[in-house]
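**Student:** Quick one: structure below, then a few questions.
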Amino acid sequence: MPRHIAGRVGQALVAAFGVLSIVFVVLHLSGDPTLLLVPPDASAAQIAELRHALGFDRPLLAQYLAYLGQLAHFDLGQSLVQRAPVAVILAARIPYTVELALAALAVAIGLGLPAGIAMAVWRGRPAARLLAVVVLAGQSLPTFWSGILLILLFGVTLGWLPTSGADSASSVILPAVALGLVTMAGFARMMRIAMLDELGRDYVAAARARGLSRGAAILRHVLRNAAIPVVTIAALEIGNLLAGAVIVETVFAWPGIGQLAMQSIAARDFLVVQAVVLFVSLVYIGMNLLADLAYAWIDPRIRRGP
Amino acid sequence: MTPAPPALEIEELSLSIAAARVVDGVSLAVAAGEVVAMVGESGCGKSLTAQAVMRLLPDAVRHQGGRIRVAGQDITALPDSAMRRLRGRALSMIFQEPQAALDPLATVGAQIAEALRLPLARARPAVRAMLEEVGLSDPERRIDQYPFELSGGMCQRVMIACALIARPALLLADEPTTALDVTIQAQILALLRRLAAERGTAVLLITHDMGVVADIADRVAVMYAGRIAETGPVGALFAAPRHPYTALLLAAIPRLADTPKSRLAVIEGRVPMPGAFGAGCRFAERCPLADARCTAQAPPLRDLGGGRHSACFHAERVG
Ligand SMILES: Nc1ncnc2c1ncn2[C@@H]1O[C@H](COP(=O)(O)OP(=O)(O)OP(=O)(O)O)[C@@H](O)[C@H]1O
Ligand code: SF4
Ligand SMILES: [Mg+2]
């Protein structure tokens with residue numbers, strides 16, 4: 001296993017380095033990044049001054065090394081729009097998005113996995129078909145629309161839950177449900193397919209032949225085997241969840257990095273947008289690494305392999 | 001004193017998938033300590049018969065009729081929970097692909113212990129002893145290994161350990177050596193033979209391979225398209241078959257000593273598709289002795305004496 005894990009960690013580091021470099025290249029693609037950073041009505045003198053202040057008149061390689069050096073100190077530059085360090089702006093938003101993502105993930109896993117398991121175990125029964133319809137609905141409703149429906153029902157009509165902002169502890173519920181529903185459908189489908197695949201295998205028949213009930217065979221053998229493909233794909237779903245957060249945070253006025261991204265795009269606050277991209281990419285890479293480690297932990301063929 | 005009932009008695013078992021009778025009136029008995037081989041071409045209903053005995057038929061398959069008695073007890077009428085208690089203890093089963101029949105994520109020992117309904121920690125001494133009995137080296141270490149760390153032959157030994165540790169009186173073995181290479185095949189068959197003899201276990205062995213039948217079985221039931229064609233003691237049946245299908249099977253065994261496997265070789269013509277069975281003998285299309293009666297009427301399984309039965313109108317003319 002150590003070799004496997006070292007390999008995966010190495011891959012993740014290379015991928016992270018690649019992301020950092022791509023972000024740098026994109027910033028310099030236009031030739032003069034200064035123009036991306038200044039307001040449209042800036043004068044030529046102001047632009048020249050800023051170009052020099054940010055070091056954009058130095059050789060590209062020197063800029064690249066300086067950029068990596070800054071990142072190593074969590075220095076993401078200075079937002080000219082908000083007149084504050086980008087790192088500080090980002091750090092203020094991250095806890096909100098983490099809270100929302102974790103709550104949404106809890107919704108997605110808490111509903112999606114049992115739904116997927118039930119659809120597989122009850123295959124062919126009316127209950128399974130009903131669940132399939134619910135899951136499909138959860139998957140096909142666009143988040144901005146299901147978000148507005150949730151606001152109307154629980155916020156406006158019933159008045160049970162806050163509909164925007166992050167002022168009370170229950171504020172996270174509606175955005176988490178809106179965000180979690182889409183991912184929930186993904187988890188349910190993956191789990192159903194993985195379960196059906198495993199239920200048809202010989203080891204299930206063999207377990208039953210030695211006296212296990214169907215339920216015991218599922219609990220003791222099938223679930224763990226079905227978890228392997230699901231864990232692997234779950235990392236990708238978490239990536240999708242972050243992308244979905246941009247819309248959900250906007251609909252629910254949730255002050256996370258999704259909302260920050262929207263605001264910064266609108267305000268042409270390029271360095272902040274860039275920082276959000278960096279953050280999301282690195283989280284994505286981290287999640288994949290985590291999935292690989294979880295996979296190795298579940299599967300003895302990897303854990304005890306070379 | 002009445003004689004003990006056979007370990008397994010199948011009486012007129014019929015199974016269907018949709019409208020097709022894929023197993024049609026199969027009767028068969030296996031006595032304690034006896035090894036009975038069930039042979040026949042792919043799709044003739046061997047595995048379904050075994051699954052019916054375990055009461056683990058696929059959903060698509062309907063039990064149309066017939067009784068199955070295990071040690072005299074009719075299991076077709078048992079509630080599910082009672083049947084579950086019998087599995088592993090009164091009867092058990094081993095499979096064609098030993099590696100696929102083991103959960104890749106559970107240790108060998110944990111899976112064997114399940115047959116005892118005990119956690120491995122408590123079953124450990126019994127599991128170790130059983131692994132030793134099936135000839136696994138270093139059993140103490142093997143207990144904690146995973147199936148991928150064992151070869152196919154070792155996995156089949158583990159499956160046998162799993163199947164026999166709770167001392168069932170009946171073992172169903174569905175092509176237990178088909179997936180293994182020849183030398184390992186012979187070892188596994190010898191192991192089955194020895195354990196069955198030592199423990200008095202009745203074995204129903206399903207195989208394609210007439211060579212395996214000759215090696216290990218006391219009696220043989222030849223199946224064709226869901227029906228029993230012929231049954232009898234191995235020696236007598238091999239010496240003088242009483243069904244044209246058996247005769248063709250035996251004639252098709254490769255004679256060369258270096259032929260690795262004497263699989264059922266190709267016999268001209270095809271098995272009729274389930275659902276396309278006519279009223280007559282299901283072998284008629286391919287039978288050299290077929291006449292008008294054969295296509296009109298199904299031949300019943302007749303007692304020929306000497307423990308032999310044949311479902312052929314012209315049994316006496318075969319050979
Ligand atoms: N789960 C299932 N669903 C539908 N049909 C099935 C199923 N299992 C078996 N059958 C059909 O039932 C018939 C008998 O199958 P069975 O598995 O008993 O054959 P077999 O004699 O064991 O063949 P083989 O030597 O290939 O294992 C075949 O026609 C097969 O296609
Ligand atoms: S009954 Fe007729 S067709 Fe069937 S095996 Fe005998 S001779 Fe052939
Ligand atoms: Mg079979």
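In the structure tokens, each chain is lettered A, B, ... as it comes, each chain's residues begin at 1, and ligands are numbered from 1 in order of appearance.
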Residues of chain A within 6 Å of chain B, counting only C-alpha atoms - could you list those as a list in words?

**Tutor:**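 Going by the stated atoms only, the list reads Asp202, Tyr203, Ala206, Ala209, Arg210 and Gly211 of chain A.
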
**Student:** Write the residues of the selection above to a file with C-alpha atoms, as a CSV table (one decimal), in the first residue's frame.

**Tutor:**
```csv
chain,number,residue,atom,x,y,z
A,202,ASP,CA,-21.5,-15.5,-6.7
A,203,TYR,CA,-20.3,-14.5,-3.2
A,206,ALA,CA,-22.4,-18.5,-1.5
A,209,ALA,CA,-25.8,-21.0,0.9
A,210,ARG,CA,-24.0,-21.0,4.2
A,211,GLY,CA,-27.1,-19.8,6.0
```

**Student:** Env of region 194-204 of chain B: 6 Å cut, atoms = only C-alpha atoms, seq-sep filter 6 positions within chain, self excluded. Answer as a VMD selection string.

**Tutor:** chain B and resid 31 to 37 169 to 172

**Student:** Give me, as CSV, the closest atom pair and its distance (Å, one decimal) for every residue of chain B within a cut-off of 8 Å of ligand 1, counting only C-alpha atoms and all ligand atoms, rows sorted by chain and rising number.

**Tutor:**
```
residue,atom,partner,partner_atom_place_in_ligand_line,distance
B:Ile17,CA,ligand 1,5 (N),6.3
B:Val22,CA,ligand 1,13 (C),5.4
B:Val23,CA,ligand 1,14 (C),7.4
B:Gly40,CA,ligand 1,21 (O),6.4
B:Glu41,CA,ligand 1,25 (O),5.8
B:Ser42,CA,ligand 1,25 (O),3.4
B:Gly43,CA,ligand 1,19 (O),3.4
B:Cys44,CA,ligand 1,21 (O),4.0
B:Gly45,CA,ligand 1,18 (O),3.1
B:Lys46,CA,ligand 1,21 (O),3.7
B:Ser47,CA,ligand 1,22 (O),3.6
B:Leu48,CA,ligand 1,18 (O),3.7
B:Thr49,CA,ligand 1,18 (O),6.3
B:Ala50,CA,ligand 1,18 (O),8.0
B:Leu57,CA,ligand 1,1 (N),7.7
B:Pro58,CA,ligand 1,1 (N),4.8
B:Asp59,CA,ligand 1,1 (N),6.9
B:Ala60,CA,ligand 1,3 (N),5.3
B:Val61,CA,ligand 1,3 (N),6.7
B:Asp174,CA,ligand 1,22 (O),7.8
B:Glu175,CA,ligand 1,27 (O),7.8
B:Ile206,CA,ligand 1,22 (O),8.0
B:Thr207,CA,ligand 1,25 (O),7.3
B:His208,CA,ligand 1,25 (O),6.4
B:Gly226,CA,ligand 1,14 (C),7.3
B:Met273,CA,ligand 1,29 (O),7.4
B:Pro274,CA,ligand 1,29 (O),6.1
```

**Student:** Using only C-alpha atoms and all ligand atoms, what are the residues with an atom within 8 Å of ligand 2, set out as a PDB file with all heavy atoms, in the first residue's frame?

**Tutor:**
```pdb
ATOM      1  N   ALA B 229     -32.207 -38.420 -18.531  1.00  0.00           N
ATOM      2  CA  ALA B 229     -32.179 -39.367 -19.642  1.00  0.00           C
ATOM      3  C   ALA B 229     -31.910 -40.768 -19.114  1.00  0.00           C
ATOM      4  O   ALA B 229     -32.568 -41.730 -19.496  1.00  0.00           O
ATOM      5  CB  ALA B 229     -31.107 -38.974 -20.652  1.00  0.00           C
ATOM      6  N   HIS B 243     -29.128 -45.372 -22.945  1.00  0.00           N
ATOM      7  CA  HIS B 243     -29.826 -44.255 -23.581  1.00  0.00           C
ATOM      8  C   HIS B 243     -28.927 -43.764 -24.713  1.00  0.00           C
ATOM      9  O   HIS B 243     -27.714 -43.636 -24.511  1.00  0.00           O
ATOM     10  CB  HIS B 243     -30.080 -43.129 -22.576  1.00  0.00           C
ATOM     11  CG  HIS B 243     -31.037 -42.078 -23.068  1.00  0.00           C
ATOM     12  ND1 HIS B 243     -30.681 -41.144 -24.008  1.00  0.00           N
ATOM     13  CD2 HIS B 243     -32.339 -41.834 -22.767  1.00  0.00           C
ATOM     14  CE1 HIS B 243     -31.733 -40.353 -24.256  1.00  0.00           C
ATOM     15  NE2 HIS B 243     -32.754 -40.760 -23.511  1.00  0.00           N
ATOM     16  N   PRO B 244     -29.485 -43.507 -25.892  1.00  0.00           N
ATOM     17  CA  PRO B 244     -28.635 -43.101 -27.015  1.00  0.00           C
ATOM     18  C   PRO B 244     -27.796 -41.860 -26.708  1.00  0.00           C
ATOM     19  O   PRO B 244     -26.662 -41.739 -27.183  1.00  0.00           O
ATOM     20  CB  PRO B 244     -29.639 -42.809 -28.137  1.00  0.00           C
ATOM     21  CG  PRO B 244     -30.880 -43.524 -27.758  1.00  0.00           C
ATOM     22  CD  PRO B 244     -30.897 -43.617 -26.267  1.00  0.00           C
ATOM     23  N   TYR B 245     -28.327 -40.945 -25.891  1.00  0.00           N
ATOM     24  CA  TYR B 245     -27.572 -39.734 -25.565  1.00  0.00           C
ATOM     25  C   TYR B 245     -26.331 -40.102 -24.749  1.00  0.00           C
ATOM     26  O   TYR B 245     -25.232 -39.622 -25.027  1.00  0.00           O
ATOM     27  CB  TYR B 245     -28.463 -38.755 -24.795  1.00  0.00           C
ATOM     28  CG  TYR B 245     -27.752 -37.488 -24.370  1.00  0.00           C
ATOM     29  CD1 TYR B 245     -27.139 -36.658 -25.301  1.00  0.00           C
ATOM     30  CD2 TYR B 245     -27.685 -37.122 -23.023  1.00  0.00           C
ATOM     31  CE1 TYR B 245     -26.479 -35.501 -24.915  1.00  0.00           C
ATOM     32  CE2 TYR B 245     -27.035 -35.968 -22.625  1.00  0.00           C
ATOM     33  CZ  TYR B 245     -26.436 -35.160 -23.568  1.00  0.00           C
ATOM     34  OH  TYR B 245     -25.786 -34.021 -23.188  1.00  0.00           O
ATOM     35  N   GLY B 280     -42.911 -34.998 -27.742  1.00  0.00           N
ATOM     36  CA  GLY B 280     -42.203 -36.274 -27.730  1.00  0.00           C
ATOM     37  C   GLY B 280     -40.923 -36.257 -26.925  1.00  0.00           C
ATOM     38  O   GLY B 280     -40.747 -35.437 -26.019  1.00  0.00           O
ATOM     39  N   CYS B 281     -40.034 -37.168 -27.261  1.00  0.00           N
ATOM     40  CA  CYS B 281     -38.734 -37.251 -26.609  1.00  0.00           C
ATOM     41  C   CYS B 281     -37.912 -36.026 -26.999  1.00  0.00           C
ATOM     42  O   CYS B 281     -37.806 -35.687 -28.170  1.00  0.00           O
ATOM     43  CB  CYS B 281     -38.017 -38.527 -27.051  1.00  0.00           C
ATOM     44  SG  CYS B 281     -36.343 -38.659 -26.408  1.00  0.00           S
ATOM     45  N   ARG B 282     -37.324 -35.363 -26.019  1.00  0.00           N
ATOM     46  CA  ARG B 282     -36.603 -34.118 -26.310  1.00  0.00           C
ATOM     47  C   ARG B 282     -35.300 -34.369 -27.070  1.00  0.00           C
ATOM     48  O   ARG B 282     -34.717 -33.450 -27.630  1.00  0.00           O
ATOM     49  CB  ARG B 282     -36.321 -33.359 -25.010  1.00  0.00           C
ATOM     50  CG  ARG B 282     -37.599 -32.771 -24.428  1.00  0.00           C
ATOM     51  CD  ARG B 282     -37.366 -31.999 -23.140  1.00  0.00           C
ATOM     52  NE  ARG B 282     -38.632 -31.373 -22.724  1.00  0.00           N
ATOM     53  CZ  ARG B 282     -38.770 -30.618 -21.643  1.00  0.00           C
ATOM     54  NH1 ARG B 282     -37.725 -30.381 -20.875  1.00  0.00           N
ATOM     55  NH2 ARG B 282     -39.931 -30.094 -21.343  1.00  0.00           N
ATOM     56  N   PHE B 283     -34.870 -35.654 -27.101  1.00  0.00           N
ATOM     57  CA  PHE B 283     -33.623 -35.965 -27.801  1.00  0.00           C
ATOM     58  C   PHE B 283     -33.887 -36.403 -29.247  1.00  0.00           C
ATOM     59  O   PHE B 283     -32.949 -36.615 -30.018  1.00  0.00           O
ATOM     60  CB  PHE B 283     -32.867 -37.058 -27.032  1.00  0.00           C
ATOM     61  CG  PHE B 283     -31.477 -37.307 -27.520  1.00  0.00           C
ATOM     62  CD1 PHE B 283     -30.543 -36.277 -27.557  1.00  0.00           C
ATOM     63  CD2 PHE B 283     -31.093 -38.570 -27.963  1.00  0.00           C
ATOM     64  CE1 PHE B 283     -29.251 -36.506 -28.015  1.00  0.00           C
ATOM     65  CE2 PHE B 283     -29.797 -38.799 -28.420  1.00  0.00           C
ATOM     66  CZ  PHE B 283     -28.870 -37.764 -28.447  1.00  0.00           C
ATOM     67  N   ALA B 284     -35.168 -36.527 -29.613  1.00  0.00           N
ATOM     68  CA  ALA B 284     -35.513 -37.159 -30.896  1.00  0.00           C
ATOM     69  C   ALA B 284     -34.790 -36.544 -32.094  1.00  0.00           C
ATOM     70  O   ALA B 284     -34.311 -37.258 -32.979  1.00  0.00           O
ATOM     71  CB  ALA B 284     -37.025 -37.106 -31.099  1.00  0.00           C
ATOM     72  N   GLU B 285     -34.692 -35.204 -32.103  1.00  0.00           N
ATOM     73  CA  GLU B 285     -34.070 -34.525 -33.241  1.00  0.00           C
ATOM     74  C   GLU B 285     -32.654 -34.998 -33.543  1.00  0.00           C
ATOM     75  O   GLU B 285     -32.207 -34.969 -34.681  1.00  0.00           O
ATOM     76  CB  GLU B 285     -33.977 -33.025 -32.923  1.00  0.00           C
ATOM     77  CG  GLU B 285     -34.933 -32.156 -33.703  1.00  0.00           C
ATOM     78  CD  GLU B 285     -34.776 -30.722 -33.249  1.00  0.00           C
ATOM     79  OE1 GLU B 285     -33.746 -30.103 -33.610  1.00  0.00           O
ATOM     80  OE2 GLU B 285     -35.669 -30.235 -32.516  1.00  0.00           O
ATOM     81  N   ARG B 286     -31.946 -35.408 -32.484  1.00  0.00           N
ATOM     82  CA  ARG B 286     -30.540 -35.761 -32.661  1.00  0.00           C
ATOM     83  C   ARG B 286     -30.313 -37.267 -32.534  1.00  0.00           C
ATOM     84  O   ARG B 286     -29.181 -37.732 -32.560  1.00  0.00           O
ATOM     85  CB  ARG B 286     -29.692 -35.049 -31.598  1.00  0.00           C
ATOM     86  CG  ARG B 286     -29.769 -33.545 -31.695  1.00  0.00           C
ATOM     87  CD  ARG B 286     -29.311 -32.894 -30.406  1.00  0.00           C
ATOM     88  NE  ARG B 286     -27.863 -32.752 -30.333  1.00  0.00           N
ATOM     89  CZ  ARG B 286     -27.243 -32.231 -29.278  1.00  0.00           C
ATOM     90  NH1 ARG B 286     -27.935 -31.838 -28.225  1.00  0.00           N
ATOM     91  NH2 ARG B 286     -25.936 -32.119 -29.281  1.00  0.00           N
ATOM     92  N   CYS B 287     -31.410 -38.030 -32.351  1.00  0.00           N
ATOM     93  CA  CYS B 287     -31.242 -39.426 -31.961  1.00  0.00           C
ATOM     94  C   CYS B 287     -31.182 -40.343 -33.176  1.00  0.00           C
ATOM     95  O   CYS B 287     -32.056 -40.319 -34.033  1.00  0.00           O
ATOM     96  CB  CYS B 287     -32.394 -39.848 -31.067  1.00  0.00           C
ATOM     97  SG  CYS B 287     -32.246 -41.562 -30.522  1.00  0.00           S
ATOM     98  N   PRO B 288     -30.158 -41.212 -33.253  1.00  0.00           N
ATOM     99  CA  PRO B 288     -30.068 -42.147 -34.383  1.00  0.00           C
ATOM    100  C   PRO B 288     -31.161 -43.227 -34.351  1.00  0.00           C
ATOM    101  O   PRO B 288     -31.447 -43.824 -35.383  1.00  0.00           O
ATOM    102  CB  PRO B 288     -28.675 -42.766 -34.225  1.00  0.00           C
ATOM    103  CG  PRO B 288     -28.277 -42.534 -32.802  1.00  0.00           C
ATOM    104  CD  PRO B 288     -28.988 -41.298 -32.351  1.00  0.00           C
ATOM    105  N   LEU B 289     -31.766 -43.477 -33.171  1.00  0.00           N
ATOM    106  CA  LEU B 289     -32.760 -44.547 -33.066  1.00  0.00           C
ATOM    107  C   LEU B 289     -34.197 -44.027 -33.129  1.00  0.00           C
ATOM    108  O   LEU B 289     -35.139 -44.805 -32.982  1.00  0.00           O
ATOM    109  CB  LEU B 289     -32.581 -45.319 -31.749  1.00  0.00           C
ATOM    110  CG  LEU B 289     -31.229 -45.987 -31.501  1.00  0.00           C
ATOM    111  CD1 LEU B 289     -31.224 -46.719 -30.160  1.00  0.00           C
ATOM    112  CD2 LEU B 289     -30.903 -46.973 -32.628  1.00  0.00           C
ATOM    113  N   ALA B 290     -34.351 -42.715 -33.313  1.00  0.00           N
ATOM    114  CA  ALA B 290     -35.701 -42.140 -33.209  1.00  0.00           C
ATOM    115  C   ALA B 290     -36.650 -42.723 -34.247  1.00  0.00           C
ATOM    116  O   ALA B 290     -36.275 -42.963 -35.399  1.00  0.00           O
ATOM    117  CB  ALA B 290     -35.625 -40.624 -33.376  1.00  0.00           C
ATOM    118  N   ASP B 291     -37.899 -42.976 -33.798  1.00  0.00           N
ATOM    119  CA  ASP B 291     -38.941 -43.389 -34.739  1.00  0.00           C
ATOM    120  C   ASP B 291     -40.197 -42.556 -34.498  1.00  0.00           C
ATOM    121  O   ASP B 291     -40.150 -41.580 -33.742  1.00  0.00           O
ATOM    122  CB  ASP B 291     -39.222 -44.891 -34.614  1.00  0.00           C
ATOM    123  CG  ASP B 291     -39.688 -45.258 -33.217  1.00  0.00           C
ATOM    124  OD1 ASP B 291     -40.088 -44.338 -32.448  1.00  0.00           O
ATOM    125  OD2 ASP B 291     -39.650 -46.454 -32.864  1.00  0.00           O
ATOM    126  N   ARG B 293     -42.971 -43.016 -32.829  1.00  0.00           N
ATOM    127  CA  ARG B 293     -43.456 -42.929 -31.465  1.00  0.00           C
ATOM    128  C   ARG B 293     -42.659 -41.887 -30.661  1.00  0.00           C
ATOM    129  O   ARG B 293     -43.197 -41.174 -29.825  1.00  0.00           O
ATOM    130  CB  ARG B 293     -43.351 -44.300 -30.788  1.00  0.00           C
ATOM    131  CG  ARG B 293     -43.811 -44.250 -29.334  1.00  0.00           C
ATOM    132  CD  ARG B 293     -44.180 -45.599 -28.790  1.00  0.00           C
ATOM    133  NE  ARG B 293     -43.031 -46.495 -28.731  1.00  0.00           N
ATOM    134  CZ  ARG B 293     -42.814 -47.306 -27.684  1.00  0.00           C
ATOM    135  NH1 ARG B 293     -43.635 -47.319 -26.656  1.00  0.00           N
ATOM    136  NH2 ARG B 293     -41.783 -48.109 -27.708  1.00  0.00           N
ATOM    137  N   CYS B 294     -41.355 -41.812 -30.936  1.00  0.00           N
ATOM    138  CA  CYS B 294     -40.476 -40.919 -30.166  1.00  0.00           C
ATOM    139  C   CYS B 294     -40.889 -39.452 -30.307  1.00  0.00           C
ATOM    140  O   CYS B 294     -40.726 -38.666 -29.367  1.00  0.00           O
ATOM    141  CB  CYS B 294     -39.036 -41.070 -30.612  1.00  0.00           C
ATOM    142  SG  CYS B 294     -38.375 -42.728 -30.377  1.00  0.00           S
ATOM    143  N   THR B 295     -41.382 -39.062 -31.471  1.00  0.00           N
ATOM    144  CA  THR B 295     -41.757 -37.660 -31.651  1.00  0.00           C
ATOM    145  C   THR B 295     -43.183 -37.386 -31.185  1.00  0.00           C
ATOM    146  O   THR B 295     -43.568 -36.245 -31.001  1.00  0.00           O
ATOM    147  CB  THR B 295     -41.628 -37.235 -33.125  1.00  0.00           C
ATOM    148  OG1 THR B 295     -42.283 -38.204 -33.932  1.00  0.00           O
ATOM    149  CG2 THR B 295     -40.174 -37.113 -33.544  1.00  0.00           C
ATOM    150  N   ALA B 298     -43.678 -38.727 -24.952  1.00  0.00           N
ATOM    151  CA  ALA B 298     -42.467 -38.597 -24.148  1.00  0.00           C
ATOM    152  C   ALA B 298     -42.178 -39.934 -23.477  1.00  0.00           C
ATOM    153  O   ALA B 298     -43.060 -40.495 -22.819  1.00  0.00           O
ATOM    154  CB  ALA B 298     -42.647 -37.512 -23.096  1.00  0.00           C
ATOM    155  N   PRO B 299     -40.971 -40.441 -23.627  1.00  0.00           N
ATOM    156  CA  PRO B 299     -40.652 -41.724 -22.983  1.00  0.00           C
ATOM    157  C   PRO B 299     -40.548 -41.561 -21.468  1.00  0.00           C
ATOM    158  O   PRO B 299     -39.863 -40.652 -21.004  1.00  0.00           O
ATOM    159  CB  PRO B 299     -39.299 -42.100 -23.585  1.00  0.00           C
ATOM    160  CG  PRO B 299     -38.699 -40.802 -24.029  1.00  0.00           C
ATOM    161  CD  PRO B 299     -39.837 -39.900 -24.392  1.00  0.00           C
ATOM    162  N   ALA B 311     -34.857 -43.213 -19.820  1.00  0.00           N
ATOM    163  CA  ALA B 311     -36.029 -42.591 -20.433  1.00  0.00           C
ATOM    164  C   ALA B 311     -35.910 -42.738 -21.943  1.00  0.00           C
ATOM    165  O   ALA B 311     -35.806 -41.768 -22.671  1.00  0.00           O
ATOM    166  CB  ALA B 311     -36.131 -41.130 -20.027  1.00  0.00           C
ATOM    167  N   CYS B 312     -35.909 -43.992 -22.381  1.00  0.00           N
ATOM    168  CA  CYS B 312     -35.838 -44.235 -23.827  1.00  0.00           C
ATOM    169  C   CYS B 312     -36.715 -45.432 -24.160  1.00  0.00           C
ATOM    170  O   CYS B 312     -36.648 -46.460 -23.484  1.00  0.00           O
ATOM    171  CB  CYS B 312     -34.399 -44.514 -24.247  1.00  0.00           C
ATOM    172  SG  CYS B 312     -34.266 -44.977 -25.995  1.00  0.00           S
ATOM    173  N   PHE B 313     -37.529 -45.311 -25.207  1.00  0.00           N
ATOM    174  CA  PHE B 313     -38.368 -46.428 -25.633  1.00  0.00           C
ATOM    175  C   PHE B 313     -37.509 -47.608 -26.074  1.00  0.00           C
ATOM    176  O   PHE B 313     -37.898 -48.751 -25.973  1.00  0.00           O
ATOM    177  CB  PHE B 313     -39.280 -46.003 -26.790  1.00  0.00           C
ATOM    178  CG  PHE B 313     -40.328 -44.998 -26.385  1.00  0.00           C
ATOM    179  CD1 PHE B 313     -40.441 -43.777 -27.042  1.00  0.00           C
ATOM    180  CD2 PHE B 313     -41.217 -45.279 -25.345  1.00  0.00           C
ATOM    181  CE1 PHE B 313     -41.408 -42.851 -26.683  1.00  0.00           C
ATOM    182  CE2 PHE B 313     -42.183 -44.358 -24.985  1.00  0.00           C
ATOM    183  CZ  PHE B 313     -42.282 -43.138 -25.646  1.00  0.00           C
ATOM    184  N   HIS B 314     -36.349 -47.309 -26.581  1.00  0.00           N
ATOM    185  CA  HIS B 314     -35.517 -48.367 -27.160  1.00  0.00           C
ATOM    186  C   HIS B 314     -34.273 -48.626 -26.333  1.00  0.00           C
ATOM    187  O   HIS B 314     -33.219 -48.967 -26.882  1.00  0.00           O
ATOM    188  CB  HIS B 314     -35.129 -47.989 -28.588  1.00  0.00           C
ATOM    189  CG  HIS B 314     -36.312 -47.693 -29.459  1.00  0.00           C
ATOM    190  ND1 HIS B 314     -37.313 -48.616 -29.656  1.00  0.00           N
ATOM    191  CD2 HIS B 314     -36.676 -46.592 -30.157  1.00  0.00           C
ATOM    192  CE1 HIS B 314     -38.243 -48.086 -30.458  1.00  0.00           C
ATOM    193  NE2 HIS B 314     -37.880 -46.841 -30.759  1.00  0.00           N
ATOM    194  N   ALA B 315     -34.383 -48.464 -25.004  1.00  0.00           N
ATOM    195  CA  ALA B 315     -33.223 -48.608 -24.120  1.00  0.00           C
ATOM    196  C   ALA B 315     -32.463 -49.909 -24.384  1.00  0.00           C
ATOM    197  O   ALA B 315     -31.231 -49.921 -24.399  1.00  0.00           O
ATOM    198  CB  ALA B 315     -33.670 -48.547 -22.662  1.00  0.00           C
TER     199      ALA B 315
END
```

**Student:** I need the alpha helix (DSSP H) residues of region 175-225 of chain B per DSSP on the backbone, written as an MDAnalysis selection string.

**Tutor:** chainID B and resid 182:199 210:216
